[in-house]
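Asker: So here's entry-v1.pdb (PDB, C-alpha atoms).
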ATOM      1  CA  MET Q   1      20.620  33.944 -10.002
ATOM      2  CA  VAL Q   2      17.843  31.393  -9.693
ATOM      3  CA  VAL Q   3      15.459  31.880  -6.753
ATOM      4  CA  ASN Q   4      12.339  29.906  -5.879
ATOM      5  CA  VAL Q   5       9.703  32.448  -4.932
ATOM      6  CA  ALA Q   6       6.329  32.597  -3.217
ATOM      7  CA  SER Q   7       3.813  35.394  -2.834
ATOM      8  CA  ARG Q   8       2.481  34.599   0.665
ATOM      9  CA  CYS Q   9       5.683  33.903   2.574
ATOM     10  CA  GLY Q  10       7.244  35.887   5.386
ATOM     11  CA  LEU Q  11      10.259  36.175   3.131
ATOM     12  CA  THR Q  12       8.292  37.580   0.194
ATOM     13  CA  PRO Q  13       9.673  41.116   0.817
ATOM     14  CA  GLN Q  14      12.984  39.708  -0.430
ATOM     15  CA  TYR Q  15      11.553  40.598  -3.837
ATOM     16  CA  GLU Q  16      12.653  44.154  -3.084
ATOM     17  CA  GLY Q  17      16.279  43.152  -2.672
ATOM     18  CA  LEU Q  18      16.129  40.890  -5.692
ATOM     19  CA  GLU Q  19      14.830  43.733  -7.822
ATOM     20  CA  ARG Q  20      17.602  46.019  -6.558
ATOM     21  CA  LEU Q  21      20.149  43.381  -7.596
ATOM     22  CA  GLN Q  22      18.514  43.270 -11.000
ATOM     23  CA  ALA Q  23      18.727  47.060 -11.308
ATOM     24  CA  ARG Q  24      22.312  47.198 -10.074
ATOM     25  CA  PHE Q  25      23.804  44.388 -12.157
ATOM     26  CA  GLY Q  26      21.377  43.903 -15.036
ATOM     27  CA  ALA Q  27      23.368  46.020 -17.452
ATOM     28  CA  ALA Q  28      26.384  43.780 -16.847
ATOM     29  CA  GLY Q  29      24.469  40.706 -17.985
ATOM     30  CA  PHE Q  30      23.124  39.580 -14.632
ATOM     31  CA  THR Q  31      19.527  38.513 -14.172
ATOM     32  CA  VAL Q  32      17.402  37.125 -11.430
ATOM     33  CA  LEU Q  33      15.197  34.243 -12.538
ATOM     34  CA  GLY Q  34      12.240  33.713 -10.229
ATOM     35  CA  VAL Q  35      10.811  30.223  -9.952
ATOM     36  CA  PRO Q  36       7.325  30.180  -8.437
ATOM     37  CA  CYS Q  37       6.800  27.074  -6.334
ATOM     38  CA  ASN Q  38       3.840  25.951  -4.229
ATOM     39  CA  GLN Q  39       5.581  23.124  -2.361
ATOM     40  CA  PHE Q  40       6.247  25.126   0.805
ATOM     41  CA  ALA Q  41       3.079  25.372   2.863
ATOM     42  CA  GLY Q  42       1.123  26.207  -0.274
ATOM     43  CA  GLN Q  43       2.333  29.791  -0.224
ATOM     44  CA  GLU Q  44       2.299  30.215  -4.006
ATOM     45  CA  PRO Q  45      -1.228  29.154  -4.964
ATOM     46  CA  GLY Q  46      -1.910  31.586  -7.800
ATOM     47  CA  THR Q  47      -1.909  31.189 -11.536
ATOM     48  CA  PRO Q  48       1.157  32.372 -13.481
ATOM     49  CA  GLU Q  49      -0.730  35.515 -14.442
ATOM     50  CA  GLU Q  50      -1.712  36.230 -10.846
ATOM     51  CA  ILE Q  51       1.856  35.698  -9.661
ATOM     52  CA  GLN Q  52       3.271  37.999 -12.326
ATOM     53  CA  GLN Q  53       0.697  40.654 -11.545
ATOM     54  CA  PHE Q  54       1.416  40.425  -7.825
ATOM     55  CA  CYS Q  55       5.160  40.766  -8.313
ATOM     56  CA  SER Q  56       5.062  43.686 -10.676
ATOM     57  CA  ALA Q  57       2.301  45.559  -8.845
ATOM     58  CA  THR Q  58       3.579  45.005  -5.310
ATOM     59  CA  TYR Q  59       7.333  45.015  -5.774
ATOM     60  CA  GLY Q  60       7.857  46.474  -9.224
ATOM     61  CA  THR Q  61       9.831  43.473 -10.367
ATOM     62  CA  SER Q  62      11.308  43.517 -13.839
ATOM     63  CA  PHE Q  63      13.080  40.169 -13.863
ATOM     64  CA  PRO Q  64      11.513  37.091 -15.469
ATOM     65  CA  LEU Q  65       9.583  34.339 -13.763
ATOM     66  CA  THR Q  66       9.313  30.753 -14.944
ATOM     67  CA  GLU Q  67       6.126  28.769 -14.873
ATOM     68  CA  LYS Q  68       5.337  27.212 -11.512
ATOM     69  CA  LEU Q  69       7.827  24.393 -10.911
ATOM     70  CA  GLU Q  70       8.525  21.663  -8.395
ATOM     71  CA  VAL Q  71      11.939  22.076  -6.810
ATOM     72  CA  ASN Q  72      11.927  19.040  -4.496
ATOM     73  CA  GLY Q  73      10.678  15.479  -4.686
ATOM     74  CA  ARG Q  74      10.276  12.915  -7.396
ATOM     75  CA  LYS Q  75       8.735  15.392  -9.839
ATOM     76  CA  ARG Q  76      11.549  17.905  -9.314
ATOM     77  CA  HIS Q  77      12.295  19.902 -12.453
ATOM     78  CA  PRO Q  78      15.571  18.932 -14.188
ATOM     79  CA  LEU Q  79      16.954  22.407 -13.479
ATOM     80  CA  TYR Q  80      16.597  21.739  -9.783
ATOM     81  CA  GLN Q  81      18.039  18.256 -10.105
ATOM     82  CA  ARG Q  82      21.268  20.022 -11.030
ATOM     83  CA  LEU Q  83      20.926  22.896  -8.588
ATOM     84  CA  THR Q  84      20.202  20.794  -5.520
ATOM     85  CA  ALA Q  85      23.298  18.688  -6.132
ATOM     86  CA  VAL Q  86      25.330  21.742  -5.173
ATOM     87  CA  PRO Q  87      26.174  22.245  -1.481
ATOM     88  CA  ASP Q  88      25.453  25.447   0.384
ATOM     89  CA  THR Q  89      28.029  27.419   2.342
ATOM     90  CA  ASP Q  90      27.834  24.853   5.162
ATOM     91  CA  GLY Q  91      28.482  21.971   2.775
ATOM     92  CA  ARG Q  92      24.881  20.734   2.710
ATOM     93  CA  ALA Q  93      23.469  19.680  -0.654
ATOM     94  CA  GLY Q  94      20.022  18.237  -1.294
ATOM     95  CA  GLU Q  95      16.523  19.594  -0.822
ATOM     96  CA  VAL Q  96      15.624  23.218  -1.154
ATOM     97  CA  GLU Q  97      14.851  24.228   2.416
ATOM     98  CA  TRP Q  98      12.157  26.844   1.869
ATOM     99  CA  ASN Q  99      11.072  29.734  -0.336
ATOM    100  CA  PHE Q 100      13.767  32.150  -1.559
ATOM    101  CA  GLU Q 101      16.745  29.826  -1.742
ATOM    102  CA  LYS Q 102      19.320  31.324  -4.107
ATOM    103  CA  PHE Q 103      21.651  29.748  -6.640
ATOM    104  CA  LEU Q 104      24.214  31.837  -8.493
ATOM    105  CA  ILE Q 105      25.156  30.597 -11.961
ATOM    106  CA  SER Q 106      28.154  32.010 -13.797
ATOM    107  CA  PRO Q 107      28.016  33.172 -17.430
ATOM    108  CA  ALA Q 108      29.719  29.869 -18.310
ATOM    109  CA  GLY Q 109      26.878  27.926 -16.712
ATOM    110  CA  GLU Q 110      28.683  26.850 -13.548
ATOM    111  CA  ILE Q 111      26.693  26.845 -10.325
ATOM    112  CA  VAL Q 112      29.060  28.847  -8.164
ATOM    113  CA  ALA Q 113      27.130  29.479  -4.950
ATOM    114  CA  ARG Q 114      24.057  28.473  -3.006
ATOM    115  CA  TRP Q 115      22.504  30.478  -0.206
ATOM    116  CA  ARG Q 116      19.687  29.372   2.043
ATOM    117  CA  PRO Q 117      16.485  31.429   2.351
ATOM    118  CA  LEU Q 118      17.474  33.570   5.327
ATOM    119  CA  VAL Q 119      20.450  35.030   3.459
ATOM    120  CA  GLU Q 120      19.172  38.355   2.149
ATOM    121  CA  PRO Q 121      19.576  39.112  -1.562
ATOM    122  CA  GLU Q 122      21.842  42.065  -0.773
ATOM    123  CA  ASP Q 123      23.981  40.232   1.764
ATOM    124  CA  ALA Q 124      27.641  41.130   1.271
ATOM    125  CA  ARG Q 125      28.427  37.515   0.386
ATOM    126  CA  VAL Q 126      25.874  37.568  -2.413
ATOM    127  CA  ILE Q 127      26.999  40.917  -3.763
ATOM    128  CA  GLY Q 128      30.626  39.827  -3.682
ATOM    129  CA  ALA Q 129      29.935  36.595  -5.513
ATOM    130  CA  ILE Q 130      27.924  38.378  -8.212
ATOM    131  CA  GLU Q 131      30.720  40.898  -8.705
ATOM    132  CA  ARG Q 132      33.257  38.094  -9.033
ATOM    133  CA  VAL Q 133      31.311  36.167 -11.683
ATOM    134  CA  LEU Q 134      30.711  39.343 -13.673
ATOM    135  CA  ALA Q 135      34.345  40.511 -13.474
TER     136      ALA Q 135
ATOM    137  CA  MET I   1      -8.709   1.694  14.303
ATOM    138  CA  THR I   2      -7.758   4.674  16.438
ATOM    139  CA  VAL I   3     -10.150   7.596  16.813
ATOM    140  CA  ALA I   4      -8.131  10.789  16.957
ATOM    141  CA  PRO I   5      -9.102  14.392  17.737
ATOM    142  CA  ALA I   6      -9.607  16.859  14.892
ATOM    143  CA  THR I   7      -6.543  18.748  16.033
ATOM    144  CA  VAL I   8      -3.387  17.597  17.739
ATOM    145  CA  LYS I   9      -0.360  19.384  19.075
ATOM    146  CA  ALA I  10       2.402  19.624  16.503
ATOM    147  CA  THR I  11       4.604  17.483  18.730
ATOM    148  CA  GLU I  12       1.974  14.723  18.660
ATOM    149  CA  VAL I  13       1.815  14.374  14.864
ATOM    150  CA  ARG I  14       2.953  10.905  13.784
ATOM    151  CA  LEU I  15       4.321   9.497  10.575
ATOM    152  CA  GLY I  16       1.368   8.459   8.441
ATOM    153  CA  ASP I  17      -0.961  11.157   9.762
ATOM    154  CA  ARG I  18      -2.772  13.187   7.137
ATOM    155  CA  VAL I  19      -2.796  16.858   8.116
ATOM    156  CA  ARG I  20      -3.989  20.058   6.510
ATOM    157  CA  ALA I  21      -1.942  23.210   6.059
ATOM    158  CA  ARG I  22      -3.517  26.664   6.486
ATOM    159  CA  SER I  23      -3.468  26.974   2.713
ATOM    160  CA  GLY I  24      -5.818  24.009   2.548
ATOM    161  CA  VAL I  25      -3.271  21.657   1.051
ATOM    162  CA  GLU I  26      -3.251  18.261   2.723
ATOM    163  CA  LEU I  27      -0.222  16.067   3.224
ATOM    164  CA  THR I  28       0.455  12.615   4.545
ATOM    165  CA  VAL I  29       3.457  12.956   6.815
ATOM    166  CA  THR I  30       6.351  10.769   5.715
ATOM    167  CA  ARG I  31       9.074  12.691   7.545
ATOM    168  CA  ILE I  32       9.262  14.985  10.550
ATOM    169  CA  ASP I  33      12.162  17.435  10.742
ATOM    170  CA  GLU I  34      12.888  18.307  14.357
ATOM    171  CA  GLU I  35      13.719  21.911  13.527
ATOM    172  CA  PHE I  36      12.869  24.403  10.824
ATOM    173  CA  MET I  37      15.455  26.752   9.337
ATOM    174  CA  GLY I  38      17.535  26.566  12.480
ATOM    175  CA  ARG I  39      14.602  27.101  14.837
ATOM    176  CA  ALA I  40      14.377  24.418  17.473
ATOM    177  CA  ASP I  41      10.962  25.713  18.581
ATOM    178  CA  MET I  42       9.486  24.548  15.288
ATOM    179  CA  VAL I  43       9.060  21.265  13.477
ATOM    180  CA  ALA I  44       8.418  20.630   9.810
ATOM    181  CA  PHE I  45       6.180  17.958   8.370
ATOM    182  CA  VAL I  46       7.100  16.636   4.944
ATOM    183  CA  GLU I  47       5.293  14.414   2.498
ATOM    184  CA  ASP I  48       7.801  12.892   0.100
ATOM    185  CA  SER I  49       5.816  10.437  -1.959
ATOM    186  CA  ALA I  50       4.912   9.626  -5.526
ATOM    187  CA  GLU I  51       1.871  11.850  -5.037
ATOM    188  CA  GLN I  52       3.622  15.011  -3.958
ATOM    189  CA  TRP I  53       6.503  16.655  -2.149
ATOM    190  CA  PHE I  54       5.176  19.189   0.320
ATOM    191  CA  LYS I  55       6.568  20.828   3.457
ATOM    192  CA  MET I  56       4.601  22.366   6.289
ATOM    193  CA  PRO I  57       6.342  23.926   9.284
ATOM    194  CA  ALA I  58       4.611  24.444  12.628
ATOM    195  CA  PRO I  59       5.539  25.828  16.031
ATOM    196  CA  ARG I  60       5.976  22.955  18.469
ATOM    197  CA  ASP I  61       3.226  24.264  20.733
ATOM    198  CA  SER I  62       0.699  24.904  17.945
ATOM    199  CA  ASP I  63      -2.374  22.906  17.011
ATOM    200  CA  VAL I  64      -2.341  21.024  13.734
ATOM    201  CA  GLU I  65      -5.464  20.059  11.848
ATOM    202  CA  LEU I  66      -5.629  16.310  11.605
ATOM    203  CA  VAL I  67      -7.541  14.933   8.628
ATOM    204  CA  ARG I  68      -6.896  11.238   9.099
ATOM    205  CA  ARG I  69      -5.060   8.894  11.455
ATOM    206  CA  ASP I  70      -4.993   5.099  11.162
ATOM    207  CA  GLY I  71      -7.868   5.194   8.714
ATOM    208  CA  ALA I  72     -10.109   7.351  10.907
ATOM    209  CA  VAL I  73     -11.398  10.382   9.036
ATOM    210  CA  HIS I  74     -12.167  13.631  10.878
TER     211      HIS I  74
END
Would you mind writing the file out in structure tokens?
Answerer:
Amino acid sequence: MVVNVASRCGLTPQYEGLERLQARFGAAGFTVLGVPCNQFAGQEPGTPEEIQQFCSATYGTSFPLTEKLEVNGRKRHPLYQRLTAVPDTDGRAGEVEWNFEKFLISPAGEIVARWRPLVEPEDARVIGAIERVLA
Amino acid sequence: MTVAPATVKATEVRLGDRVRARSGVELTVTRIDEEFMGRADMVAFVEDSAEQWFKMPAPRDSDVELVRRDGAVH
């Protein structure tokens, strides 16, 4: 599951739920991939080392983080060019709305679900979708 | 050239204004979203340009730091 993350956001405590997903499903081949991004109010200003240190020290995260990427705009990373073409549960594709937007990718590489930032990592819809792709 | 105050209400920000987020990042507003994550009491200012893509939400009744308007620097 690919999630754009930020260290100074009101949603930053979602790291806890993301780490619990990692612990619960990691042995089955699931992983969270955090994508630090500073495009939302500048809430991820640190260096990669600072971000990693913050995540592991504050939330005990064990899942990997990418380098800091751009998820929207003309310099959007190719990964997000593919991800943002996928609609969310309301049928809306396009820009990432804010920090902690979630994209679930199947083992075959298909983008199977997109949830906006206010959907918690352990929402029943997220859990159910993860269980289905791992089945 | 228009002389503007150093801060304006969020509802008074115009396209083309250069504003500063609390983080210190500045953006030139190219789009104003009339709500933010379903909240009608907030707006979001977006710069979508060759320079950067950056989003800054603000409560409608908040003050926004204005860096430049119509060429006037504050």
Asker: Taking only C-alpha atoms into account, find every residue of chain Q that has an atom no more than 12 Å from chain I, and write it out as a VMD selection string.
Answerer: chain Q and resid 8 to 9 37 to 46 69 to 76 95 to 99 101 116 to 119
Asker: Expand the PyMOL selection byres ((chain Q and resi 1) around 9) into the explicit residue set it covers here, and present it as number ranges by chain.
Answerer: Q: 2-3, 30-34, 102-106, 130
Asker: Which value, in Å to one decimal, gives the distance between CA of Val133 in chain Q and CA of Pro107 in chain Q?
Answerer: 7.3 Å
Asker: Once the PyMOL selection byres ((chain Q and resi 113) around 7) is applied to the coordinates I shared, what remains selected? I want it as a count of residues only.
Answerer: 7
Asker: Please determine, counting all atoms listed in the file, which residue among I:Val19, I:Ile32, I:Val8, I:Met42 has the shortest atom-to-atom distance to Val73 in chain I.
Answerer: I:Val19
Asker: To one decimal in Å, tell me the separation between CA of Val29 in chain I and CA of Asp61 in chain I.
Answerer: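 CA of Asp61 in chain I lies 17.9 Å from CA of Val29 in chain I.
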Asker: For the file shown, report as a list in words the outcome of the PyMOL selection byres ((chain Q and resi 19-29) around 8) at residue level.
Answerer: Tyr15, Glu16, Gly17, Leu18, Phe30, Thr31, Val32, Tyr59, Gly60, Thr61, Ser62, Phe63, Pro121, Glu122 and Leu134 of chain Q
Asker: Using Å and a single decimal, report how far CA of Pro36 in chain Q sits from CA of Ala10 in chain I.
Answerer: 27.5 Å
Asker: Just want the 9 Å neighbourhood of Arg60 in chain I, counted on all atoms listed in the file, with same-chain residues fewer than 5 positions away dropped. Output as a list in words.
Answerer: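 Counting only the stated atoms, we get Lys9, Ala10, Thr11, Ala40, Asp41, Met42 and Val43 of chain I.
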